[in-house]
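Next up, input-v9.cif (mmCIF, C-alpha atoms, pLDDT in the B column; chains and numbers go by the auth columns):
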```cif
data_model
#
loop_
_atom_site.group_PDB
_atom_site.id
_atom_site.type_symbol
_atom_site.label_atom_id
_atom_site.label_comp_id
_atom_site.label_asym_id
_atom_site.label_seq_id
_atom_site.Cartn_x
_atom_site.Cartn_y
_atom_site.Cartn_z
_atom_site.B_iso_or_equiv
_atom_site.auth_seq_id
_atom_site.auth_asym_id
ATOM 1 C CA MET A 1 -9.915 -13.211 9.380 90.00 1 A
ATOM 2 C CA ILE A 2 -8.732 -9.655 8.839 96.00 2 A
ATOM 3 C CA THR A 3 -9.645 -7.958 5.576 98.00 3 A
ATOM 4 C CA ILE A 4 -7.753 -4.944 4.276 98.00 4 A
ATOM 5 C CA TYR A 5 -8.648 -2.897 1.205 98.00 5 A
ATOM 6 C CA THR A 6 -6.010 -0.473 -0.066 98.00 6 A
ATOM 7 C CA ASP A 7 -5.538 2.142 -2.741 98.00 7 A
ATOM 8 C CA GLY A 8 -2.960 4.748 -3.656 97.00 8 A
ATOM 9 C CA SER A 9 -3.217 7.935 -5.658 96.00 9 A
ATOM 10 C CA SER A 10 -0.797 10.398 -7.177 96.00 10 A
ATOM 11 C CA ARG A 11 -1.647 13.692 -8.849 94.00 11 A
ATOM 12 C CA GLY A 12 1.073 13.491 -11.430 90.00 12 A
ATOM 13 C CA ASN A 13 3.653 10.765 -11.284 90.00 13 A
ATOM 14 C CA PRO A 14 5.532 12.065 -9.395 95.00 14 A
ATOM 15 C CA GLY A 15 3.339 14.582 -7.680 97.00 15 A
ATOM 16 C CA PRO A 16 1.231 15.002 -4.570 98.00 16 A
ATOM 17 C CA GLY A 17 -0.129 11.630 -3.491 98.00 17 A
ATOM 18 C CA GLY A 18 -2.066 9.778 -0.863 98.00 18 A
ATOM 19 C CA TYR A 19 -3.260 6.410 0.266 98.00 19 A
ATOM 20 C CA GLY A 20 -6.508 5.047 1.629 98.00 20 A
ATOM 21 C CA VAL A 21 -7.114 1.914 3.683 98.00 21 A
ATOM 22 C CA VAL A 22 -10.216 0.161 4.974 98.00 22 A
ATOM 23 C CA LEU A 23 -9.562 -2.471 7.671 98.00 23 A
ATOM 24 C CA MET A 24 -12.250 -4.937 8.742 97.00 24 A
ATOM 25 C CA TYR A 25 -12.251 -7.514 11.517 94.00 25 A
ATOM 26 C CA GLY A 26 -15.586 -8.995 12.552 92.00 26 A
ATOM 27 C CA GLN A 27 -17.925 -6.075 13.179 94.00 27 A
ATOM 28 C CA HIS A 28 -15.056 -3.591 13.459 94.00 28 A
ATOM 29 C CA ARG A 29 -14.104 -1.245 10.648 97.00 29 A
ATOM 30 C CA LYS A 30 -11.385 1.406 10.534 98.00 30 A
ATOM 31 C CA GLU A 31 -10.314 3.816 7.813 98.00 31 A
ATOM 32 C CA LEU A 32 -6.829 5.281 7.347 98.00 32 A
ATOM 33 C CA SER A 33 -5.405 7.830 4.957 98.00 33 A
ATOM 34 C CA LYS A 34 -2.414 10.112 4.608 98.00 34 A
ATOM 35 C CA GLY A 35 -1.158 12.531 1.964 98.00 35 A
ATOM 36 C CA PHE A 36 2.362 13.330 0.768 98.00 36 A
ATOM 37 C CA ARG A 37 3.642 16.365 -1.103 97.00 37 A
ATOM 38 C CA LEU A 38 5.799 14.489 -3.662 97.00 38 A
ATOM 39 C CA THR A 39 5.612 10.777 -4.391 97.00 39 A
ATOM 40 C CA THR A 40 4.525 8.217 -6.991 97.00 40 A
ATOM 41 C CA ASN A 41 1.423 6.121 -7.467 96.00 41 A
ATOM 42 C CA ASN A 42 3.287 2.840 -6.910 97.00 42 A
ATOM 43 C CA ARG A 43 4.729 4.147 -3.647 98.00 43 A
ATOM 44 C CA MET A 44 1.260 5.128 -2.440 98.00 44 A
ATOM 45 C CA GLU A 45 -0.178 1.731 -3.402 98.00 45 A
ATOM 46 C CA LEU A 46 2.540 -0.005 -1.406 98.00 46 A
ATOM 47 C CA MET A 47 2.411 2.473 1.470 98.00 47 A
ATOM 48 C CA ALA A 48 -1.316 1.744 1.830 98.00 48 A
ATOM 49 C CA VAL A 49 -0.550 -1.941 2.368 98.00 49 A
ATOM 50 C CA ILE A 50 2.157 -1.061 4.910 98.00 50 A
ATOM 51 C CA ALA A 51 -0.176 1.316 6.765 98.00 51 A
ATOM 52 C CA GLY A 52 -2.887 -1.338 6.911 98.00 52 A
ATOM 53 C CA LEU A 53 -0.552 -3.998 8.278 98.00 53 A
ATOM 54 C CA SER A 54 1.059 -1.549 10.707 97.00 54 A
ATOM 55 C CA ALA A 55 -2.357 -0.759 12.204 97.00 55 A
ATOM 56 C CA LEU A 56 -3.020 -4.381 13.144 96.00 56 A
ATOM 57 C CA THR A 57 -2.532 -5.303 16.782 91.00 57 A
ATOM 58 C CA LYS A 58 -3.289 -9.023 16.503 87.00 58 A
ATOM 59 C CA LYS A 59 -0.371 -10.917 14.968 89.00 59 A
ATOM 60 C CA HIS A 60 -0.252 -14.262 13.182 89.00 60 A
ATOM 61 C CA LEU A 61 -3.839 -14.082 11.965 90.00 61 A
ATOM 62 C CA PRO A 62 -4.841 -14.637 8.353 96.00 62 A
ATOM 63 C CA VAL A 63 -5.054 -11.361 6.426 97.00 63 A
ATOM 64 C CA ASP A 64 -6.695 -10.904 3.047 98.00 64 A
ATOM 65 C CA ILE A 65 -5.455 -7.792 1.256 98.00 65 A
ATOM 66 C CA TYR A 66 -7.402 -6.413 -1.693 98.00 66 A
ATOM 67 C CA SER A 67 -5.617 -4.004 -4.021 97.00 67 A
ATOM 68 C CA ASP A 68 -6.182 -2.662 -7.510 96.00 68 A
ATOM 69 C CA SER A 69 -2.409 -2.368 -7.967 97.00 69 A
ATOM 70 C CA GLN A 70 -1.034 -5.047 -10.232 97.00 70 A
ATOM 71 C CA TYR A 71 2.442 -3.813 -9.263 97.00 71 A
ATOM 72 C CA VAL A 72 1.848 -4.740 -5.614 98.00 72 A
ATOM 73 C CA VAL A 73 -0.180 -7.910 -6.156 98.00 73 A
ATOM 74 C CA LYS A 74 2.096 -9.382 -8.823 97.00 74 A
ATOM 75 C CA ALA A 75 5.231 -8.549 -6.839 97.00 75 A
ATOM 76 C CA ILE A 76 3.956 -10.903 -4.141 97.00 76 A
ATOM 77 C CA GLN A 77 2.008 -13.507 -6.098 96.00 77 A
ATOM 78 C CA GLU A 78 4.531 -13.924 -8.896 96.00 78 A
ATOM 79 C CA GLY A 79 7.598 -13.904 -6.662 95.00 79 A
ATOM 80 C CA TRP A 80 9.119 -10.642 -7.855 96.00 80 A
ATOM 81 C CA LEU A 81 9.745 -9.487 -4.286 97.00 81 A
ATOM 82 C CA GLN A 82 11.579 -12.676 -3.365 96.00 82 A
ATOM 83 C CA LYS A 83 13.859 -12.221 -6.375 96.00 83 A
ATOM 84 C CA TRP A 84 14.450 -8.552 -5.532 96.00 84 A
ATOM 85 C CA LEU A 85 15.359 -9.533 -1.968 96.00 85 A
ATOM 86 C CA ARG A 86 17.788 -12.229 -3.172 96.00 86 A
ATOM 87 C CA THR A 87 19.505 -9.799 -5.567 95.00 87 A
ATOM 88 C CA ASN A 88 19.374 -6.777 -3.213 93.00 88 A
ATOM 89 C CA PHE A 89 17.147 -4.998 -5.711 93.00 89 A
ATOM 90 C CA ALA A 90 19.781 -5.199 -8.459 91.00 90 A
ATOM 91 C CA GLY A 91 19.158 -3.295 -11.655 86.00 91 A
ATOM 92 C CA GLY A 92 17.713 -0.263 -9.910 82.00 92 A
ATOM 93 C CA LYS A 93 14.408 -1.769 -8.764 90.00 93 A
ATOM 94 C CA LYS A 94 12.393 1.032 -7.240 93.00 94 A
ATOM 95 C CA ASN A 95 10.836 1.444 -3.813 96.00 95 A
ATOM 96 C CA LYS A 96 13.383 -0.722 -2.004 96.00 96 A
ATOM 97 C CA ASP A 97 12.742 1.142 1.254 96.00 97 A
ATOM 98 C CA LEU A 98 9.034 0.322 1.191 97.00 98 A
ATOM 99 C CA TRP A 99 9.454 -3.256 -0.020 98.00 99 A
ATOM 100 C CA LEU A 100 11.861 -3.950 2.850 97.00 100 A
ATOM 101 C CA GLN A 101 9.381 -2.438 5.277 97.00 101 A
ATOM 102 C CA TYR A 102 6.551 -4.542 3.831 98.00 102 A
ATOM 103 C CA HIS A 103 8.688 -7.695 3.948 98.00 103 A
ATOM 104 C CA GLN A 104 9.484 -7.155 7.638 97.00 104 A
ATOM 105 C CA LEU A 105 5.814 -6.556 8.513 96.00 105 A
ATOM 106 C CA SER A 106 4.621 -9.521 6.458 96.00 106 A
ATOM 107 C CA GLN A 107 6.542 -11.939 8.680 95.00 107 A
ATOM 108 C CA ASP A 108 3.927 -11.432 11.423 94.00 108 A
ATOM 109 C CA PHE A 109 0.919 -12.440 9.332 95.00 109 A
ATOM 110 C CA LYS A 110 -0.472 -15.067 6.965 95.00 110 A
ATOM 111 C CA ILE A 111 -1.213 -12.795 3.999 97.00 111 A
ATOM 112 C CA ARG A 112 -3.161 -13.495 0.832 97.00 112 A
ATOM 113 C CA PHE A 113 -3.334 -10.841 -1.853 98.00 113 A
ATOM 114 C CA HIS A 114 -6.299 -10.359 -4.160 97.00 114 A
ATOM 115 C CA TRP A 115 -6.404 -8.088 -7.181 96.00 115 A
ATOM 116 C CA VAL A 116 -9.602 -6.090 -7.703 95.00 116 A
ATOM 117 C CA LYS A 117 -10.441 -3.926 -10.673 90.00 117 A
ATOM 118 C CA GLY A 118 -10.068 -0.271 -9.759 81.00 118 A
ATOM 119 C CA HIS A 119 -12.893 2.240 -10.216 79.00 119 A
ATOM 120 C CA ALA A 120 -15.376 -0.586 -10.658 81.00 120 A
ATOM 121 C CA ASP A 121 -18.232 -1.828 -8.489 88.00 121 A
ATOM 122 C CA ASN A 122 -16.328 -2.789 -5.325 91.00 122 A
ATOM 123 C CA PRO A 123 -17.546 -0.383 -2.618 94.00 123 A
ATOM 124 C CA TYR A 124 -14.496 -0.879 -0.374 96.00 124 A
ATOM 125 C CA ASN A 125 -12.022 -0.273 -3.195 95.00 125 A
ATOM 126 C CA ASN A 126 -14.022 2.800 -4.195 95.00 126 A
ATOM 127 C CA ARG A 127 -13.945 4.061 -0.605 97.00 127 A
ATOM 128 C CA CYS A 128 -10.154 3.590 -0.497 97.00 128 A
ATOM 129 C CA ASP A 129 -9.902 5.593 -3.725 97.00 129 A
ATOM 130 C CA GLU A 130 -11.952 8.403 -2.154 97.00 130 A
ATOM 131 C CA LEU A 131 -9.699 8.398 0.923 98.00 131 A
ATOM 132 C CA ALA A 132 -6.510 8.337 -1.180 98.00 132 A
ATOM 133 C CA THR A 133 -7.508 11.143 -3.523 97.00 133 A
ATOM 134 C CA ALA A 134 -8.805 13.304 -0.666 98.00 134 A
ATOM 135 C CA ALA A 135 -5.481 12.795 1.145 98.00 135 A
ATOM 136 C CA ALA A 136 -3.531 13.710 -2.000 97.00 136 A
ATOM 137 C CA ASP A 137 -5.631 16.857 -2.423 97.00 137 A
ATOM 138 C CA SER A 138 -5.369 17.960 1.213 96.00 138 A
ATOM 139 C CA HIS A 139 -3.301 20.875 2.443 93.00 139 A
ATOM 140 C CA ASP A 140 -1.661 18.884 5.230 90.00 140 A
ATOM 141 C CA LEU A 141 0.811 16.887 3.152 97.00 141 A
ATOM 142 C CA GLU A 142 3.735 15.044 4.701 97.00 142 A
ATOM 143 C CA ILE A 143 7.146 14.348 3.195 96.00 143 A
ATOM 144 C CA ASP A 144 7.731 10.957 1.578 97.00 144 A
ATOM 145 C CA GLU A 145 11.314 10.912 2.779 94.00 145 A
ATOM 146 C CA GLY A 146 12.177 7.717 0.908 93.00 146 A
ATOM 147 C CA TYR A 147 11.187 9.334 -2.368 94.00 147 A
ATOM 148 C CA GLU A 148 12.456 12.859 -1.786 92.00 148 A
ATOM 149 C CA ASN A 149 15.792 11.684 -0.395 88.00 149 A
ATOM 150 C CA GLY A 150 16.292 9.364 -3.352 81.00 150 A
ATOM 151 C CA ASP A 151 16.474 6.298 -1.096 67.00 151 A
ATOM 152 C CA SER A 152 13.778 4.439 -2.975 67.00 152 A
#
```
Structure translated into structure tokens:
Amino acid sequence: MITIYTDGSSRGNPGPGGYGVVLMYGQHRKELSKGFRLTTNNRMELMAVIAGLSALTKKHLPVDIYSDSQYVVKAIQEGWLQKWLRTNFAGGKKNKDLWLQYHQLSQDFKIRFHWVKGHADNPYNNRCDELATAAADSHDLEIDEGYENGDS
């Protein structure tokens, strides 16, 4: 079983943002983070999930993803993403570029999402928040091309 904790942060919405990820498999643990100069909180929440899945080298294993983003968790658990895919994101649904990327990655895993309360007593969620905010506050910010190019 692979466990992934994720969090996204944005200083302003839009504004500088970042994501944080903690991956765990057996005794192994890895942390990921990256900052962007202009983005949104929802994009960072979703990008954290994508980064976590992209880092996995073992395919077709069960993956539990923990997120404090109701946007991300409900999109999967309540079938919003499947509807958006069927309607080609009609009505101006945002973050199409990232949702398509997530959908492609998700085909390689057996994923279960879990919502956790943010800024509470979960040490892994709190660590992801630290990673995300530090990335957003860093001086080495990348370009969220999907957002800045208006492709999202």
Which residues, written as a PyMOL selection string, have at least one atom at most 10 Å from stretch 70-85 of chain A, with all atoms listed in the file counted and residues fewer than 4 positions away on the same chain left out? chain A and resi 42-43+45-46+49+65-66+89-94+96+99-100+103+111-117
Excluding A:His119 and any residue of its chain fewer than 2 positions from it, enumerate the residues within 12 Å of it, using only C-alpha atoms, and give them as a list in words. Asp7, Ser67, Asp68, Ser69, Val116, Lys117, Asp121, Asn122, Pro123, Tyr124, Asn125, Asn126, Arg127, Cys128, Asp129 and Glu130 of chain A
Go ahead and compute the interatomic distance for atom CA of A:Glu142 and atom CA of A:Leu53, in Å to one decimal.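 Separation of atom CA of A:Glu142 and atom CA of A:Leu53: 19.8 Å.
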Suppose a student applies the PyMOL selection byres ((chain A and resi 26) around 8) to this structure; what residues should they get, written as a compact mmCIF listing (two decimals) with C-alpha atoms, keeping the file's coordinate frame?
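What landed in selection_27.txt:
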```txt
# COMPACT_ATOMS: atom_id res chain seq x y z
CA MET A 1 -9.91 -13.21 9.38
CA ILE A 2 -8.73 -9.65 8.84
CA MET A 24 -12.25 -4.94 8.74
CA TYR A 25 -12.25 -7.51 11.52
CA GLN A 27 -17.92 -6.08 13.18
CA HIS A 28 -15.06 -3.59 13.46
```
Polymer residues at most 8 Å from A:His60, all atoms listed in the file, same-chain spacing of 3 or more positions, as a list in words: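 My list of contacting residues is Asp108, Phe109 and Lys110 of chain A.
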On this file, the PyMOL selection byres ((chain A and resi 134) around 10) gives some set of residues; write that set as a ChimeraX atom specification. /A:9,17-20,33-35,128-133,135-139
Please dump the current selection as a CSV table (one decimal), in the coordinates of the input; keep C-alpha atoms.
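Resulting contents of result-v9.csv:
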```csv
chain,number,residue,atom,x,y,z
A,9,SER,CA,-3.2,7.9,-5.7
A,17,GLY,CA,-0.1,11.6,-3.5
A,18,GLY,CA,-2.1,9.8,-0.9
A,19,TYR,CA,-3.3,6.4,0.3
A,20,GLY,CA,-6.5,5.0,1.6
A,33,SER,CA,-5.4,7.8,5.0
A,34,LYS,CA,-2.4,10.1,4.6
A,35,GLY,CA,-1.2,12.5,2.0
A,128,CYS,CA,-10.2,3.6,-0.5
A,129,ASP,CA,-9.9,5.6,-3.7
A,130,GLU,CA,-12.0,8.4,-2.2
A,131,LEU,CA,-9.7,8.4,0.9
A,132,ALA,CA,-6.5,8.3,-1.2
A,133,THR,CA,-7.5,11.1,-3.5
A,135,ALA,CA,-5.5,12.8,1.1
A,136,ALA,CA,-3.5,13.7,-2.0
A,137,ASP,CA,-5.6,16.9,-2.4
A,138,SER,CA,-5.4,18.0,1.2
A,139,HIS,CA,-3.3,20.9,2.4
```
Of the candidates A:Ser54, A:Thr87, A:Asn95, A:Thr6, which shows the shortest atom-to-atom distance to A:Thr40, using all atoms listed in the file?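 Closest residue, counting all atoms listed in the file: A:Asn95.
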Expansion of the PyMOL selection byres ((chain A and resi 30) around 10) into residues, as a PyMOL selection string: chain A and resi 4+21-25+28-29+31-32+52+55
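The residue that comes closest to A:Gly15, out of A:Leu56, A:Leu61, A:Met44, A:Ala120 and on the basis of all atoms listed in the file, is A:Met44.
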In Å to one decimal, how far is atom CA of A:Asp97 from atom CA of A:Val63? 22.4 Å
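Using all atoms listed in the file, the nearest neighbour of A:Thr39 within the list A:Gln104, A:Asp64, A:Pro14, A:Leu141 is A:Pro14.
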